[in-house]
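Below is one structure, written out as structure tokens; comments come after it.
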Number of protein chains: 4
Amino acid sequence: MLIVLEKDTTKEQVQIIIRTIEKRGYTARSIPGGDRVSIGILHNKGSVDAAQFLGLSGVKEVIPVTKPYKLVSREFRQENTHVTIGDAVFGNGTMPVIAGPCAVESLEQVLSIARSVQSAGAKLFRGGAFKPRTSPYSFQGLGEKGLEFLAKVREETGLPVVTEVMDVENFDLIEAYVDVVQIGTRNMQNFSLLRRAGKSKKPVILKRGMSAMLQEWLMAAEYIMEEGNSNVILCERGVRTFVQHSRNTLDLSVVPAAKKESHLPIIIDPSHAAGVRDQVIPLAYASAALGADGLMIEVHNNPDKALSDGAQSLYPDQFTTVMKKMDAIRSIIGNDQ
Amino acid sequence: MLIVLEKDTTKEQVQIIIRTIEKRGYTARSIPGGDRVSIGILHNKGSVDAAQFLGLSGVKEVIPVTKPYKLVSREFRQENTHVTIGDAVFGNGTMPVIAGPCAVESLEQVLSIARSVQSAGAKLFRGGAFKPRTSPYSFQGLGEKGLEFLAKVREETGLPVVTEVMDVENFDLIEAYVDVVQIGTRNMQNFSLLRRAGKSKKPVILKRGMSAMLQEWLMAAEYIMEEGNSNVILCERGVRTFVQHSRNTLDLSVVPAAKKESHLPIIIDPSHAAGVRDQVIPLAYASAALGADGLMIEVHNNPDKALSDGAQSLYPDQFTTVMKKMDAIRSIIGNDQ
Amino acid sequence: MLIVLEKDTTKEQVQIIIRTIEKRGYTARSIPGGDRVSIGILHNKGSVDAAQFLGLSGVKEVIPVTKPYKLVSREFRQENTHVTIGDAVFGNGTMPVIAGPCAVESLEQVLSIARSVQSAGAKLFRGGAFKPRTSPYSFQGLGEKGLEFLAKVREETGLPVVTEVMDVENFDLIEAYVDVVQIGTRNMQNFSLLRRAGKSKKPVILKRGMSAMLQEWLMAAEYIMEEGNSNVILCERGVRTFVQHSRNTLDLSVVPAAKKESHLPIIIDPSHAAGVRDQVIPLAYASAALGADGLMIEVHNNPDKALSDGAQSLYPDQFTTVMKKMDAIRSIIGNDQ
Amino acid sequence: MLIVLEKDTTKEQVQIIIRTIEKRGYTARSIPGGDRVSIGILHNKGSVDAAQFLGLSGVKEVIPVTKPYKLVSREFRQENTHVTIGDAVFGNGTMPVIAGPCAVESLEQVLSIARSVQSAGAKLFRGGAFKPRTSPYSFQGLGEKGLEFLAKVREETGLPVVTEVMDVENFDLIEAYVDVVQIGTRNMQNFSLLRRAGKSKKPVILKRGMSAMLQEWLMAAEYIMEEGNSNVILCERGVRTFVQHSRNTLDLSVVPAAKKESHLPIIIDPSHAAGVRDQVIPLAYASAALGADGLMIEVHNNPDKALSDGAQSLYPDQFTTVMKKMDAIRSIIGNDQ
């Protein structure tokens, strides 16, 4: 149980609250730091009745710690959150698809791919301008030039654009150009970045960390929501396991599990999970059948020459087929689950 | 490179073969034991031309070791293997479903469930008579009585029946009663059991080990095929990872990966992967969309009272819905992948 | 809570027990099958007082299910179990070392290695006669000939000998030749083999499964103890993880964790964990420092020509150095932990 | 093979280089972006001789891609790197210990612990001022106040102080106060933070990511070194696996594996790996025996009241015993490995 205090609570009020806790036989622990003052209740066996503290002067709210997240939780909000971006709604039973190349390479490239995926039915365009790369010697993205190309894609096609933000330093810049910011797998617990995303007006796609537990992932989303941004879309992209026949292991169970715990929409990125084109296609169908709230798929007009992750990018005609079949699958599954 | 010799090869022939290998600058290693004599070629850089040894007297065949399996390999056999059991064909683009309870509990139970799953479209009936249980104090199955009940199910419904065989000791008994023997995840590398299954005339469902690499799994199938039984069906049932929101993590990528490497049919068991009913249903749809060669799903007429794994068993009416939707999904995907 | 009944309990006695359970507001579930009849108590919130059932006629014992294992548990037996084999005692604070080649290859080989490891201080000799191999085309061991060589080693050196038993079929044969039987990682949940080992008079080394939880491992030991053999030695040999710089990941935390839960001795096999000689040596020192009850180390007189696992075998002079340093480390740590 | 060009290379020079590559039958891929221009050589079978490109005008260096890291690699620098901080040297065969509480809580607390660990032989003091916490509602650290307390510790005891830096925003502040900056497990691939650390004059402790491959970890260190800071200390702190009896699984094999690949010193943090005190002590002994270049151990004067991670903190008298035994173990192992 966590008792969150109002910001202007006086020392006297705090003392009264602590005494009230202790009188009931619990231990009170004052938690310093930050601008949020709170008091933890420890050594309670079984559940504590929140009502006995909610009335006290200075108490803002009482959070049960058995469920460590609050704002993201299905208990807190019963109905699905709908995140609306352009024509797309994530979380309402439709299944918008975000498509585009791993990295923005040139204006011609992004325009060509954008037109192609748009005609196949994609609702958003993706492309990396700042790329997180394991090696400092790998292609790091075009930077602001890449953002300009993305803006041009939106101007020409009307598709909202998504790109990854890697750090707080570049957040303002990226936010100014794009419609959705993506936080990548390596930054899922970059708490400063999460807080900055929480202050943004733009929706956030939060990719799951490479070995994140569901609860850790939801807590990362809680960081964003706690700062005021409730347009968060979770994105499963495979986790690291002992398996070596695919780059990562796509964890489809996390979709129903997350939906049970949280009201946030959850989409799937089969491209990064698989790492190879032959697996991306069946995993895309599986994702559609599973009832995901959307997909993110890499498409490249010339995968063999792609500057990054070419092996996992679909050819435009493959993507067109995949979109048709996913659509048909989706209509079978319905919205009942 | 492995040179497999004829059984009656003389010592003189072996000496000639070894000298031939050494003349070409390689190291020959004679591999004793078993009734199969063979010679390994070591210290070769790059690939070795098989032709230079195939003509030698006493040489039965030459196996390249870069692909350690042979009989199961797609290189060895280009076309899909079709395993036919009753009305069902695994591997020909259809998607037969095996259904039934985790454990056989009574004749009434199995007959009731069998009729129910049959009318929903299941092609085979499953039920455990000898159960592998983590605890010696858990329900271990009805044993031969359970087999009798399974035989009765076949008699009454015409459905072929599948059950797990846990050891060589009970193999003859089980083989006499059922149509398909299943080797469970804990026994995937029980090599004596694999060899015994290889001598059986009955098809074998080989479940993937809890942390088996694809190659280890295919090698386990190779043990069965090497003894002469080529009716092997692979079954993915989830692998062990750090994840805790599901019992295991269903590794759907292994389906396209296995199909690329091997001609054997591969089916999916979403029930054991998920461990909870709410996840089994979406994973079943995902499996159908993925292009699996079949599914194995647990169904119980009274899951709350099931003696084992009740939480993951579908109710009969859930199963009926699942079958209909899976069928529709399957027809969208087609046989083209 | 599990109520285990006497074998000759009458139906009337069972009815009385069940009624007693239900009167207390719990659900009774009769568990059929096997020669052990028992009744599970379900739907209890919190712990159930065993005393209220222990007095009933027909009740043999009451097992709390919160701790699913019983005989192996530290609660059941406070003091460490000492397993004595020849001069060696496992579990009394000393740290006997078992050494030898992965596979028995010839009499000369085993005698040479045995004399070498004995003079370095090893207390038992190990060598595989029947080898579990991923591939059916790999060297499968010398079989009974290998057992004869092991017996010869004991005759010549006085060292007790250890070998792996892979199946029930060969158990009698192996048991007749060797002093300790080893159950390998792939067979940790081969329950028929565990039961057979439980009926043996010989001590059993039970290796941890490749991805076994501590509790599953202890339950496997429970299978052996439940049949009457309490001379069980646990052996950690690395688990499967995403890591690729070693063959397996040696899980040293399992040693203090197992000692807390169980009274059984636990030893470490750094050779199979590491897979490469350079890592075996530091892991051996670490194991000694950790307070393990013993070690199992692979030593070969000519690792480069070994028929299996040569890369992980120490040279005899390396082993001599390792033994000296481990001994010195052990004397620092003392028996206090 | 990667050809790194000088910053001022002209388009003409680039064309000549590309033509030279293509004449030799390889494919050249120009890699745009960033201020570092480079050209990848693809489709080469076997190794490419660097000499043929090194002489070309505009070529700064040639990096073989089989070993993707360069500056951190043992090939690049044969001798161990020594990182000297105060009295401590990491990498020269000694084993300095860094000790202190998880979080700085008060001046009294840190002074008390610092004096205690100093008298036990610790060479550096650690304490978190800015804490990465899974939950936004958990204690986040004292912030700058905590840094002041750390500076006071150094003033009073002479011990250099270490603290974690979580983001680029606070880097200047932290750098001004402490002697060593630590990059935590969640930030191992926070590339902006790595680059900032690379521009610092302070030594950096780089913790391994929760599921990082050795190569990814070394590449993260490469990011730091590439910016000019060569005082990098690697720190193993356990990885995420399926295991549940400890918080993480300490991967000791990574120490000899990292030392083989890299010249950088590598230390071990058994506290975060284990998560429970009972396991920290034996893992500390194991780490000392393994030949680690140092340890980082959590010590708290009152673990039961610690604001974070109390369960894994040693009591001061436990730490004193651990230090003595580790020292004795270390002297046995020697510097020969």
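Convention: chains lettered A, B, ... in structure tokens order; per-chain residue numbering from 1; ligands numbered from 1 as shown.
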With 10 Å as the cut-off and only C-alpha atoms counted, what is the closest atom pair between each nearby residue of chain D and chain B? Distances in Å to one decimal, ordered by chain and number, as a Markdown table.
| residue | atom | partner | partner_atom | distance |
| --- | --- | --- | --- | --- |
| D:Arg240 | CA | B:Phe242 | CA | 6.8 |
| D:Thr241 | CA | B:Phe242 | CA | 5.1 |
| D:Phe242 | CA | B:Phe242 | CA | 4.0 |
| D:Val243 | CA | B:Phe242 | CA | 7.3 |
| D:Gln244 | CA | B:Phe242 | CA | 8.7 |
Over every C-alpha pair, in sequence order, do a least-squares fit of chain A onto chain C and save the fitted chain as a short mmCIF file (atom, residue, chain, number, x, y, z; two decimals) with C-alpha atoms, in the first residue's frame.
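Resulting contents of result20.cif:
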data_model
loop_
_atom_site.label_atom_id
_atom_site.label_comp_id
_atom_site.auth_asym_id
_atom_site.auth_seq_id
_atom_site.Cartn_x
_atom_site.Cartn_y
_atom_site.Cartn_z
CA MET A 1 -2.43 -30.98 1.48
CA LEU A 2 -2.18 -34.60 0.42
CA ILE A 3 -3.47 -37.44 2.56
CA VAL A 4 -1.63 -40.65 1.75
CA LEU A 5 -3.54 -43.80 2.67
CA GLU A 6 -2.31 -47.19 3.80
CA LYS A 7 -2.27 -49.74 1.00
CA ASP A 8 -5.02 -51.90 2.46
CA THR A 9 -7.46 -49.12 3.29
CA THR A 10 -11.07 -50.18 2.82
CA LYS A 11 -13.71 -48.26 0.90
CA GLU A 12 -15.49 -47.56 4.17
CA GLN A 13 -12.38 -45.99 5.67
CA VAL A 14 -11.96 -43.85 2.57
CA GLN A 15 -15.56 -42.66 2.83
CA ILE A 16 -15.06 -41.66 6.45
CA ILE A 17 -11.92 -39.72 5.61
CA ILE A 18 -13.62 -37.91 2.74
CA ARG A 19 -16.60 -37.00 4.90
CA THR A 20 -14.26 -35.65 7.57
CA ILE A 21 -12.55 -33.44 4.99
CA GLU A 22 -15.82 -32.15 3.61
CA LYS A 23 -17.24 -31.45 7.03
CA ARG A 24 -14.38 -29.02 7.56
CA GLY A 25 -15.44 -27.13 4.42
CA TYR A 26 -12.76 -28.42 2.08
CA THR A 27 -13.06 -30.35 -1.18
CA ALA A 28 -11.75 -33.92 -1.20
CA ARG A 29 -10.39 -35.33 -4.42
CA SER A 30 -9.66 -39.04 -4.58
CA ILE A 31 -6.57 -39.72 -6.68
CA PRO A 32 -6.78 -43.11 -8.45
CA GLY A 33 -4.03 -45.15 -10.08
CA GLY A 34 -0.76 -46.70 -8.95
CA ASP A 35 -0.51 -48.72 -5.75
CA ARG A 36 -0.52 -45.61 -3.62
CA VAL A 37 -3.97 -44.26 -2.94
CA SER A 38 -4.26 -40.73 -1.74
CA ILE A 39 -6.74 -37.94 -1.27
CA GLY A 40 -6.05 -34.35 -2.13
CA ILE A 41 -7.55 -31.52 -0.13
CA LEU A 42 -8.50 -28.62 -2.32
CA HIS A 43 -10.06 -25.21 -2.03
CA ASN A 44 -8.46 -24.56 1.30
CA LYS A 45 -7.52 -20.97 1.96
CA GLY A 46 -4.44 -20.76 4.13
CA SER A 47 -2.89 -23.79 5.72
CA VAL A 48 -4.75 -26.85 6.88
CA ASP A 49 -4.00 -28.43 10.22
CA ALA A 50 -2.64 -31.90 9.53
CA ALA A 51 -3.51 -33.11 13.00
CA GLN A 52 -7.20 -33.32 12.25
CA PHE A 53 -6.61 -36.07 9.67
CA LEU A 54 -3.57 -37.89 11.01
CA GLY A 55 -5.57 -39.73 13.61
CA LEU A 56 -8.05 -41.21 11.17
CA SER A 57 -8.00 -44.93 10.48
CA GLY A 58 -6.28 -45.72 7.17
CA VAL A 59 -4.28 -42.48 6.98
CA LYS A 60 -0.59 -43.16 6.50
CA GLU A 61 0.66 -39.62 6.31
CA VAL A 62 -0.30 -36.06 5.49
CA ILE A 63 1.84 -34.03 3.08
CA PRO A 64 1.49 -30.27 2.84
CA VAL A 65 1.46 -29.29 -0.84
CA THR A 66 2.97 -25.84 -0.43
CA LYS A 67 6.29 -27.65 -0.43
CA PRO A 68 5.61 -30.26 -3.06
CA TYR A 69 8.63 -32.40 -2.20
CA LYS A 70 8.91 -34.13 1.09
CA LEU A 71 11.66 -36.71 1.49
CA VAL A 72 14.31 -34.51 -0.12
CA SER A 73 13.32 -31.49 1.91
CA ARG A 74 15.40 -29.84 4.59
CA GLU A 75 12.26 -29.55 6.68
CA PHE A 76 11.89 -33.30 6.64
CA ARG A 77 15.52 -33.86 7.59
CA GLN A 78 17.53 -31.09 9.20
CA GLU A 79 21.03 -32.57 8.98
CA ASN A 80 22.96 -32.95 5.74
CA THR A 81 22.76 -36.37 4.13
CA HIS A 82 26.20 -37.97 3.88
CA VAL A 83 26.69 -40.23 0.87
CA THR A 84 29.70 -42.44 1.43
CA ILE A 85 31.41 -44.16 -1.49
CA GLY A 86 34.76 -45.79 -0.83
CA ASP A 87 36.94 -43.18 0.87
CA ALA A 88 34.74 -40.32 -0.25
CA VAL A 89 31.96 -38.71 1.70
CA PHE A 90 29.67 -36.27 -0.08
CA GLY A 91 27.85 -33.83 2.18
CA ASN A 92 30.09 -33.77 5.27
CA GLY A 93 32.06 -30.65 4.39
CA THR A 94 34.77 -32.41 2.44
CA MET A 95 34.88 -32.04 -1.31
CA PRO A 96 35.63 -35.32 -3.09
CA VAL A 97 36.46 -35.06 -6.77
CA ILE A 98 35.27 -37.48 -9.45
CA ALA A 99 37.51 -37.46 -12.50
CA GLY A 100 37.98 -39.30 -15.75
CA PRO A 101 37.32 -39.12 -19.46
CA CYS A 102 33.98 -38.36 -21.06
CA ALA A 103 33.93 -41.76 -22.73
CA VAL A 104 35.71 -45.03 -22.05
CA GLU A 105 37.75 -45.67 -25.19
CA SER A 106 40.16 -48.45 -24.29
CA LEU A 107 41.55 -50.25 -21.25
CA GLU A 108 44.91 -48.54 -21.65
CA GLN A 109 43.24 -45.15 -21.79
CA VAL A 110 41.16 -45.61 -18.63
CA LEU A 111 43.96 -47.18 -16.63
CA SER A 112 46.36 -44.43 -17.59
CA ILE A 113 43.92 -41.66 -16.74
CA ALA A 114 42.75 -43.38 -13.54
CA ARG A 115 46.26 -43.68 -12.17
CA SER A 116 46.96 -40.10 -13.04
CA VAL A 117 43.83 -38.64 -11.43
CA GLN A 118 44.23 -40.90 -8.40
CA SER A 119 47.70 -39.60 -7.74
CA ALA A 120 46.34 -36.06 -8.06
CA GLY A 121 43.80 -36.84 -5.35
CA ALA A 122 40.61 -37.83 -7.16
CA LYS A 123 38.44 -40.15 -5.05
CA LEU A 124 36.26 -41.65 -7.80
CA PHE A 125 36.75 -42.47 -11.44
CA ARG A 126 34.21 -41.65 -14.13
CA GLY A 127 33.86 -42.75 -17.73
CA GLY A 128 30.95 -43.20 -20.12
CA ALA A 129 30.24 -46.68 -21.49
CA PHE A 130 26.81 -45.90 -22.91
CA LYS A 131 26.82 -42.34 -24.23
CA PRO A 132 23.77 -40.17 -24.86
CA ARG A 133 24.52 -38.50 -28.17
CA THR A 134 22.47 -35.93 -30.02
CA SER A 135 23.23 -37.72 -33.27
CA PRO A 136 22.64 -41.42 -33.97
CA TYR A 137 25.79 -41.26 -36.07
CA SER A 138 28.06 -40.16 -33.23
CA PHE A 139 30.15 -42.56 -31.16
CA GLN A 140 27.71 -44.21 -28.76
CA GLY A 141 30.19 -45.71 -26.33
CA LEU A 142 31.77 -49.15 -25.98
CA GLY A 143 28.82 -50.60 -24.07
CA GLU A 144 29.47 -53.61 -21.85
CA LYS A 145 33.11 -53.70 -22.94
CA GLY A 146 33.43 -50.23 -21.43
CA LEU A 147 31.90 -51.46 -18.17
CA GLU A 148 34.47 -54.24 -18.02
CA PHE A 149 37.25 -51.70 -18.41
CA LEU A 150 35.77 -49.62 -15.59
CA ALA A 151 35.65 -52.70 -13.35
CA LYS A 152 39.27 -53.30 -14.21
CA VAL A 153 40.11 -49.74 -13.19
CA ARG A 154 38.54 -50.35 -9.78
CA GLU A 155 40.40 -53.63 -9.44
CA GLU A 156 43.73 -52.04 -10.28
CA THR A 157 43.40 -48.73 -8.46
CA GLY A 158 40.76 -49.24 -5.81
CA LEU A 159 38.88 -46.22 -7.07
CA PRO A 160 35.08 -46.59 -7.09
CA VAL A 161 33.73 -46.07 -10.59
CA VAL A 162 30.83 -43.99 -11.90
CA THR A 163 29.03 -44.29 -15.22
CA GLU A 164 25.86 -43.02 -16.80
CA VAL A 165 22.82 -45.20 -17.18
CA MET A 166 20.57 -44.17 -20.05
CA ASP A 167 17.66 -46.53 -19.75
CA VAL A 168 15.91 -49.11 -17.62
CA GLU A 169 16.95 -51.87 -20.05
CA ASN A 170 20.63 -51.54 -19.23
CA PHE A 171 20.21 -50.72 -15.54
CA ASP A 172 20.82 -54.23 -14.19
CA LEU A 173 23.93 -54.60 -16.28
CA ILE A 174 25.42 -51.27 -15.29
CA GLU A 175 24.46 -51.65 -11.66
CA ALA A 176 26.36 -54.93 -11.55
CA TYR A 177 29.57 -53.34 -12.74
CA VAL A 178 29.79 -49.90 -11.16
CA ASP A 179 29.70 -48.25 -7.74
CA VAL A 180 27.65 -45.19 -8.60
CA VAL A 181 25.09 -44.74 -11.35
CA GLN A 182 24.67 -41.36 -12.97
CA ILE A 183 21.43 -40.10 -14.48
CA GLY A 184 22.19 -37.56 -17.16
CA THR A 185 20.71 -34.17 -17.90
CA ARG A 186 18.46 -35.46 -20.71
CA ASN A 187 16.96 -38.08 -18.39
CA MET A 188 16.29 -35.93 -15.34
CA GLN A 189 12.57 -36.36 -15.90
CA ASN A 190 12.66 -39.90 -17.28
CA PHE A 191 10.41 -41.04 -14.49
CA SER A 192 10.69 -44.76 -15.20
CA LEU A 193 14.44 -44.49 -14.96
CA LEU A 194 14.19 -42.47 -11.74
CA ARG A 195 11.95 -45.14 -10.23
CA ARG A 196 14.37 -47.87 -11.24
CA ALA A 197 17.23 -45.91 -9.69
CA GLY A 198 15.15 -45.63 -6.55
CA LYS A 199 15.10 -49.44 -6.30
CA SER A 200 18.88 -49.71 -6.64
CA LYS A 201 21.27 -50.20 -3.75
CA LYS A 202 23.84 -48.04 -5.49
CA PRO A 203 24.18 -44.27 -4.92
CA VAL A 204 22.81 -42.12 -7.71
CA ILE A 205 24.23 -38.91 -9.17
CA LEU A 206 21.30 -36.95 -10.56
CA LYS A 207 22.33 -34.30 -13.04
CA ARG A 208 20.16 -31.25 -13.41
CA GLY A 209 18.06 -31.04 -16.57
CA MET A 210 19.13 -28.56 -19.18
CA SER A 211 16.41 -26.10 -18.21
CA ALA A 212 15.18 -27.53 -14.94
CA MET A 213 13.87 -25.34 -12.17
CA LEU A 214 15.28 -26.15 -8.74
CA GLN A 215 11.92 -27.50 -7.67
CA GLU A 216 11.64 -29.85 -10.65
CA TRP A 217 15.10 -31.17 -9.92
CA LEU A 218 14.28 -31.82 -6.29
CA MET A 219 11.05 -33.52 -7.36
CA ALA A 220 13.09 -35.80 -9.61
CA ALA A 221 15.21 -36.70 -6.58
CA GLU A 222 11.99 -37.27 -4.67
CA TYR A 223 11.03 -39.95 -7.24
CA ILE A 224 14.25 -41.79 -6.40
CA MET A 225 13.93 -41.39 -2.64
CA GLU A 226 10.29 -42.33 -2.69
CA GLU A 227 11.29 -45.79 -3.96
CA GLY A 228 13.69 -46.24 -1.08
CA ASN A 229 17.10 -45.07 -2.25
CA SER A 230 18.25 -42.12 -0.18
CA ASN A 231 21.82 -41.98 -1.53
CA VAL A 232 21.19 -39.25 -4.03
CA ILE A 233 23.81 -36.69 -5.05
CA LEU A 234 22.65 -33.68 -7.05
CA CYS A 235 24.97 -32.45 -9.80
CA GLU A 236 24.79 -28.97 -11.36
CA ARG A 237 26.22 -29.00 -14.90
CA GLY A 238 25.08 -25.73 -16.42
CA VAL A 239 21.77 -24.67 -17.86
CA ARG A 240 20.71 -23.52 -21.28
CA THR A 241 20.49 -19.76 -21.70
CA PHE A 242 20.86 -17.25 -24.53
CA VAL A 243 24.62 -17.16 -23.87
CA GLN A 244 26.88 -18.39 -26.67
CA HIS A 245 30.41 -17.95 -25.30
CA SER A 246 30.10 -21.15 -23.26
CA ARG A 247 28.20 -24.35 -23.98
CA ASN A 248 25.95 -23.89 -20.99
CA THR A 249 25.74 -21.34 -18.19
CA LEU A 250 26.92 -22.72 -14.88
CA ASP A 251 24.34 -21.71 -12.28
CA LEU A 252 26.33 -21.47 -9.06
CA SER A 253 23.46 -19.86 -7.12
CA VAL A 254 21.69 -23.17 -7.27
CA VAL A 255 24.16 -24.63 -4.77
CA PRO A 256 23.24 -22.43 -1.78
CA ALA A 257 19.62 -22.45 -2.92
CA ALA A 258 19.49 -26.27 -3.05
CA LYS A 259 21.25 -26.60 0.28
CA LYS A 260 18.64 -24.36 1.84
CA GLU A 261 15.78 -26.43 0.49
CA SER A 262 17.27 -29.90 0.73
CA HIS A 263 19.59 -32.03 2.84
CA LEU A 264 21.05 -33.79 -0.20
CA PRO A 265 24.68 -33.20 -1.20
CA ILE A 266 25.25 -31.17 -4.36
CA ILE A 267 28.30 -31.30 -6.59
CA ILE A 268 29.37 -29.35 -9.67
CA ASP A 269 30.49 -30.46 -13.11
CA PRO A 270 32.30 -27.46 -14.63
CA SER A 271 33.41 -29.45 -17.68
CA HIS A 272 30.01 -29.87 -19.31
CA ALA A 273 28.97 -26.37 -18.31
CA ALA A 274 31.90 -24.64 -19.97
CA GLY A 275 32.57 -26.89 -22.93
CA VAL A 276 36.04 -25.38 -23.32
CA ARG A 277 39.13 -26.14 -21.24
CA ASP A 278 40.10 -22.51 -20.66
CA GLN A 279 36.87 -21.95 -18.78
CA VAL A 280 36.81 -25.27 -16.91
CA ILE A 281 39.79 -24.35 -14.73
CA PRO A 282 38.50 -21.03 -13.34
CA LEU A 283 35.02 -22.53 -12.93
CA ALA A 284 36.55 -25.40 -10.93
CA TYR A 285 38.18 -22.91 -8.57
CA ALA A 286 34.92 -21.01 -8.30
CA SER A 287 33.07 -24.23 -7.48
CA ALA A 288 35.54 -25.07 -4.74
CA ALA A 289 35.21 -21.58 -3.26
CA LEU A 290 31.43 -21.79 -3.38
CA GLY A 291 31.31 -24.66 -0.91
CA ALA A 292 30.12 -27.39 -3.24
CA ASP A 293 30.04 -30.93 -1.81
CA GLY A 294 32.27 -32.22 -4.59
CA LEU A 295 33.19 -31.84 -8.23
CA MET A 296 33.14 -33.92 -11.37
CA ILE A 297 35.86 -33.02 -13.84
CA GLU A 298 36.75 -34.48 -17.20
CA VAL A 299 40.37 -35.44 -17.68
CA HIS A 300 41.85 -37.10 -20.75
CA ASN A 301 45.37 -38.23 -21.41
CA ASN A 302 45.10 -37.04 -24.99
CA PRO A 303 42.23 -34.57 -25.31
CA ASP A 304 42.93 -33.75 -28.93
CA LYS A 305 42.19 -37.33 -29.91
CA ALA A 306 39.28 -37.89 -27.55
CA LEU A 307 36.24 -39.52 -29.16
CA SER A 308 33.89 -37.11 -27.43
CA ASP A 309 34.08 -33.76 -25.67
CA GLY A 310 37.85 -33.51 -25.97
CA ALA A 311 37.80 -29.73 -25.97
CA GLN A 312 36.56 -29.63 -22.41
CA SER A 313 38.88 -32.28 -20.95
CA LEU A 314 41.84 -31.17 -18.84
CA TYR A 315 45.32 -32.50 -19.42
CA PRO A 316 46.57 -34.60 -16.49
CA ASP A 317 49.06 -31.97 -15.36
CA GLN A 318 46.42 -29.26 -15.46
CA PHE A 319 44.25 -31.48 -13.30
CA THR A 320 47.03 -31.91 -10.76
CA THR A 321 47.41 -28.15 -10.40
CA VAL A 322 43.65 -27.66 -10.21
CA MET A 323 43.37 -30.25 -7.43
CA LYS A 324 46.06 -28.58 -5.33
CA LYS A 325 44.56 -25.14 -5.63
CA MET A 326 41.01 -26.37 -5.04
CA ASP A 327 42.18 -28.08 -1.91
CA ALA A 328 43.78 -24.90 -0.62
CA ILE A 329 40.70 -22.86 -1.48
CA ARG A 330 38.49 -25.34 0.27
CA SER A 331 40.47 -25.11 3.47
CA ILE A 332 39.99 -21.34 3.51
CA ILE A 333 36.27 -21.51 3.08
CA GLY A 334 35.86 -24.02 5.86
CA ASN A 335 32.74 -25.90 6.71
CA ASP A 336 30.88 -23.06 8.33
CA GLN A 337 28.62 -22.29 5.45
#
Using DSSP secondary structure from the backbone, list all alpha helix (DSSP H) positions within segment 32-221 of chain B, as a ChimeraX atom specification.
/B:51-54,107-120,144-157,171-177,191-198,214-221
Using DSSP on the backbone coordinates, identify the residues of segment 33-123 of chain D assigned to strand (DSSP E or B); present them as a list in words.
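The residues of segment 33-123 of chain D classed as strand (DSSP E or B) are Ser38, Ile39, Gly40, Ile41, Leu42, Val59, Lys60, Glu61, Val62, Ile63, Ser73, Val83, Thr84, Ile85, Ala88, Val89, Phe90, Val97, Ile98, Ala99, Gly100 and Ala103 of chain D.
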